[in-house]
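Notes to accompany the following structure.
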Amino acid sequence: MLIKNGKILTMAGPAYENGYVRVTGSKITSVGDMETLSGEIQEKEKVREEIVLDVQGAWVMPGLIDAHCHVGITEEKWGMVGDDCNEMTTPVTPHLRALDAVNPMDPAFHDAVIAGITSLLTGPGSSNVVGGQSLFMKVQGRCLDKMVVKAPAAMKVAFGENPKMNYGEKNSMPGSRMAIGGMLREEIYKACRYLEKKKKGDMAPWDEDFKMECWIPVLKKEIPLKAHAHRTDDILTAIRIAKEFDLNMTLDHCTEGHLIADEIAESGFPVIVGPDLTSRSKIEVKNMSFKTAGVLERAGIKTAIMTDHPVSLIRYLPLCAGLSVRQGLSMEGGLRAITIHAAEICGVSHRVGSLEAGKDADIAIFTGNPMETFTKTLYTIVNGNVIYEKE
C-alpha cells in the first residue's frame with residue numbers, strides 16, 4: 001500500500017506537509033516527503049498492483065489509542081448479562097484475566113474503528129482492591145487471541161470510593177481507605193516473599209501458587225500497576241505503595257492531579273487522565289476538569305487521555321483530547337495523548353503509536369485535525385488492511 005499526498009503526522013519525528021507512507025504486509029516500510037518518492041518507485045508500485053491511496057491533503061496519523069477503557073468486557077446494551085468488568089464477591093482477585101471476558105462482538109469496537117481508533121487497553125474495573133489483569137489489543141477481529149498485542153498488560157488496583165463502598169456496605173473489608181492500603185500492601189508483600197522463595201529454589205512444583213504467580217510480571221517491572229485513583233490523598237497513597245515496593249505504575253483517572261502536579265512529577269509515574277466527558281457522579285470527582293491534562297503537561301508529566309468506555313463512549317476519545325486542548329493542553333500534547341504517549345504508557349510503543357518503519361501499519365486518515373468536532377474519518381487501517389472507508 002502507498003498512501004500519498006497527505007499531511008503526515010508521524011508523532012515520533014518530523015511532520016510532512018505533503019508526504020507519503022509505504023506499507024508492506026502488516027508493517028510500515030517507509031515514511032517521508034513526496035519529493036523523496038521518485039517516479040521510478042511510484043511506477044514500481046503500479047506494476048506490483050499495490051493499493052495506492054491519494055489522500056489529497058488529508059491528515060495521516062498513527063491509529064488513535066485509548067489507554068484505559070472497558071470495551072468488550074462491559075458490553076453496551078446488555079446490562080448485567082454483558083457486564084463482566086468486576087468480580088464483586090471478593091476484594092483481591094489478581095488471577096482474573098480480561099482475556100477470558102472480552103467479547104470482540106461488542107458494537108463499541110466498530111464505534112472505535114469509525115473514530116480512527118485502532119487499538120486500546122481494556123480490562124477489569126475498580127470495584128476491587130486488586131481487580132485482575134488488563135490486556136492491550138487491536139480493534140479488528142473475531143478471535144480475541146489474534147487481536148491481542150500484550151497480555152497481561154497491567155495489574156488493576158483501585159483506591160477510594162469504589163472498593164470502600166462495594167465491600168463496606170456488605171460489612172466486610174475494605175470499609176475504609178486504611179483497609180484498602182493495608183490489603184494491597186499485604187498482597188504485594190506475600191507476592192514478594194513468594195518470588196524470593198522461588199528464586200532461591202526453595203519451592204517444590206506443587207507449592208506454586210496460581211494467584212501469586214500473577215504478581216511476578218509486576219514485581220519484575222514487566223507490567224505496571226494500573227492504579228484507579230481520583231482524589232489527591234488516594235493518588236499519593238498509590239505513589240507511596242508503588243515506591244515502597246519499587247514497582248512501575250500508571251496513575252489512572254488522576255482527577256485531582258492538577259492539585260498536586262509537582263508531587264506527581266516528582267514520583268516519575270505517568271498519568272492517564274479521564275473520563276472528563278461525564279457527570280460528577282460521586283464525591284471524589286467533584287474537582288473534575290478538562291484542565292487537568294494541561295496542568296500535568298506543564299509539570300513535565302507524560303500524559304495520555306482515556307474514555308473509560310462506557311463511562312464516556314469510546315467514539316469521543318478525540319473529542320476528549322480536543323476539550324483538554326481548549327482548557328490548556330498543547331495541540332501537540334493533545335495528539336500525543338491519544339497516540340504515542342498512550343502507546344508508551346501502555347508499554348507497546350515498539351508496535352504502535354507512531355508512523356515509523358518497522359511498526360504495525362495501524363493508520364488513521366482524517367479530513368483534518370481529529371480533535372475538531374466536524375473532522376471526519378476517511379480511512380482506518382489496521383495491520384495494513386483498510387477496515388473502514390468513508391463512502
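As shown in the C-alpha cells, the chain order sets the letters A, B, ...; within each chain, residues go from 1, and ligands are also counted from 1 in the order they appear.
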Could you list, as a PyMOL selection string, every residue within 10 Å of Glu284 of chain A, counting only C-alpha atoms and ignoring same-chain residues fewer than 2 positions away?
chain A and resi 160-162+229-232+234+255-256+280-282+286-288
Looking only at strand (DSSP E) from DSSP on the backbone, list the matching residues of segment 45-275 of chain A as a ChimeraX atom specification.
/A:52-54,59-62,64-69,117-122,130-138,148-158,225-229,249-253,271-273
Export C-alpha atoms of the chosen residues as an mmCIF file, in the first residue's frame?
data_model
loop_
_atom_site.group_PDB
_atom_site.id
_atom_site.type_symbol
_atom_site.label_atom_id
_atom_site.label_comp_id
_atom_site.auth_asym_id
_atom_site.auth_seq_id
_atom_site.Cartn_x
_atom_site.Cartn_y
_atom_site.Cartn_z
ATOM 1 C CA VAL A 52 -2.494 3.474 -3.821
ATOM 2 C CA LEU A 53 -4.452 5.939 -1.688
ATOM 3 C CA ASP A 54 -4.099 9.524 -2.890
ATOM 4 C CA TRP A 59 -4.219 14.220 7.795
ATOM 5 C CA VAL A 60 -2.429 10.861 8.012
ATOM 6 C CA MET A 61 -1.683 9.757 11.581
ATOM 7 C CA PRO A 62 -0.930 6.656 13.598
ATOM 8 C CA LEU A 64 -5.562 6.506 17.810
ATOM 9 C CA ILE A 65 -5.221 4.644 21.134
ATOM 10 C CA ASP A 66 -7.485 4.561 24.191
ATOM 11 C CA ALA A 67 -5.180 3.786 27.125
ATOM 12 C CA HIS A 68 -7.971 2.910 29.581
ATOM 13 C CA CYS A 69 -11.415 1.570 28.778
ATOM 14 C CA ILE A 117 -9.063 4.228 16.940
ATOM 15 C CA THR A 118 -7.020 1.148 16.083
ATOM 16 C CA SER A 119 -6.010 -0.221 19.498
ATOM 17 C CA LEU A 120 -6.902 0.039 23.155
ATOM 18 C CA LEU A 121 -6.185 -1.201 26.647
ATOM 19 C CA THR A 122 -9.191 -2.865 28.259
ATOM 20 C CA VAL A 130 -6.972 -5.847 43.124
ATOM 21 C CA GLY A 131 -9.159 -6.392 40.082
ATOM 22 C CA GLY A 132 -7.035 -8.540 37.777
ATOM 23 C CA GLN A 133 -5.058 -8.364 34.553
ATOM 24 C CA SER A 134 -5.741 -5.960 31.671
ATOM 25 C CA LEU A 135 -4.783 -6.523 28.028
ATOM 26 C CA PHE A 136 -3.779 -4.358 25.087
ATOM 27 C CA MET A 137 -5.450 -5.264 21.792
ATOM 28 C CA LYS A 138 -6.326 -4.251 18.250
ATOM 29 C CA VAL A 148 -4.030 -9.235 21.479
ATOM 30 C CA VAL A 149 -0.837 -7.179 21.377
ATOM 31 C CA LYS A 150 0.110 -7.627 25.032
ATOM 32 C CA ALA A 151 -1.469 -9.789 27.744
ATOM 33 C CA PRO A 152 -1.187 -9.223 30.573
ATOM 34 C CA ALA A 153 -0.550 -5.521 30.026
ATOM 35 C CA ALA A 154 -1.169 -4.302 33.597
ATOM 36 C CA MET A 155 -2.447 -5.329 37.033
ATOM 37 C CA LYS A 156 -5.513 -3.319 38.041
ATOM 38 C CA VAL A 157 -5.654 -1.936 41.581
ATOM 39 C CA ALA A 158 -8.120 0.590 42.994
ATOM 40 C CA LEU A 225 0.167 -1.486 38.455
ATOM 41 C CA LYS A 226 -2.794 0.261 36.841
ATOM 42 C CA ALA A 227 -3.974 2.378 39.747
ATOM 43 C CA HIS A 228 -7.524 3.761 39.836
ATOM 44 C CA ALA A 229 -7.207 6.945 41.925
ATOM 45 C CA MET A 249 2.664 2.220 37.917
ATOM 46 C CA THR A 250 0.287 4.275 35.820
ATOM 47 C CA LEU A 251 -1.965 6.735 37.625
ATOM 48 C CA ASP A 252 -5.371 6.300 36.004
ATOM 49 C CA HIS A 253 -8.131 8.938 36.226
ATOM 50 C CA VAL A 271 -0.856 9.607 34.070
ATOM 51 C CA ILE A 272 -3.911 8.519 32.066
ATOM 52 C CA VAL A 273 -6.484 11.295 32.531
#
Show me, as a ChimeraX atom specification, the residues that have an atom within 8 Å of Cys214 of chain A when counting only C-alpha atoms, minus same-chain residues fewer than 3 positions from it.
/A:94-95,210-211,217-218
Just the selected residues (N, CA and C atoms), exported as a tab-separated table (two decimals), in the first residue's frame, please.
chain	number	residue	atom	x	y	z
A	94	PRO	N	-6.16	-11.08	41.80
A	94	PRO	CA	-5.11	-10.82	40.81
A	94	PRO	C	-5.10	-11.79	39.64
A	95	HIS	N	-5.69	-12.97	39.83
A	95	HIS	CA	-5.62	-14.04	38.84
A	95	HIS	C	-6.68	-13.93	37.75
A	210	PHE	N	-1.04	-20.18	42.16
A	210	PHE	CA	-1.53	-19.57	40.93
A	210	PHE	C	-1.75	-18.07	41.09
A	211	LYS	N	-2.31	-17.65	42.22
A	211	LYS	CA	-2.58	-16.23	42.44
A	211	LYS	C	-1.28	-15.44	42.62
A	217	PRO	N	5.19	-10.77	36.95
A	217	PRO	CA	5.49	-9.72	35.95
A	217	PRO	C	5.46	-8.31	36.53
A	218	VAL	N	4.63	-8.09	37.56
A	218	VAL	CA	4.58	-6.79	38.21
A	218	VAL	C	5.86	-6.55	39.01
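Taking only C-alpha atoms into account, Leu296 of chain A lies nearest to A:Glu266 out of the set A:Glu196, A:Glu266, A:Asp362, A:Glu389.
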For a quick check of understanding, using only C-alpha atoms, which of A:Pro104, A:Pro174, A:Gly63, A:Pro14 has the smallest distance to Ala343 of chain A?
A:Gly63
Would you list the contacts of Asp246 of chain A as a CSV table (one decimal) with all heavy atoms, in the first residue's frame, taking every protein, DNA or RNA residue within 9 Å and counting only C-alpha atoms, but skipping same-chain residues closer than 5 positions in sequence?
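part31.csv, written as the output of this step:
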chain,number,residue,atom,x,y,z
A,219,LEU,N,6.3,-7.5,39.8
A,219,LEU,CA,7.5,-7.4,40.6
A,219,LEU,C,8.7,-7.3,39.8
A,219,LEU,O,9.7,-6.6,40.2
A,219,LEU,CB,7.6,-8.6,41.6
A,219,LEU,CG,6.4,-8.8,42.5
A,219,LEU,CD1,6.6,-10.0,43.4
A,219,LEU,CD2,6.2,-7.6,43.4
A,221,LYS,N,8.8,-5.7,37.0
A,221,LYS,CA,8.6,-4.4,36.3
A,221,LYS,C,8.4,-4.7,34.8
A,221,LYS,O,8.7,-3.8,33.9
A,221,LYS,CB,9.8,-3.5,36.5
A,221,LYS,CG,9.9,-3.0,37.9
A,221,LYS,CD,11.0,-1.9,38.0
A,221,LYS,CE,11.0,-1.3,39.4
A,221,LYS,NZ,12.0,-0.2,39.4
A,241,ILE,N,2.7,3.5,48.0
A,241,ILE,CA,2.8,2.0,48.0
A,241,ILE,C,3.7,1.5,46.8
A,241,ILE,O,4.5,0.6,47.0
A,241,ILE,CB,1.4,1.4,47.9
A,241,ILE,CG1,0.7,1.6,49.2
A,241,ILE,CG2,1.5,-0.1,47.6
A,241,ILE,CD1,-0.8,1.2,49.2
Just checking: using only C-alpha atoms, which residue out of A:Gly116, A:Pro224, A:Gly257, A:Pro91 ends up closest to Gly175 of chain A?
A:Pro91
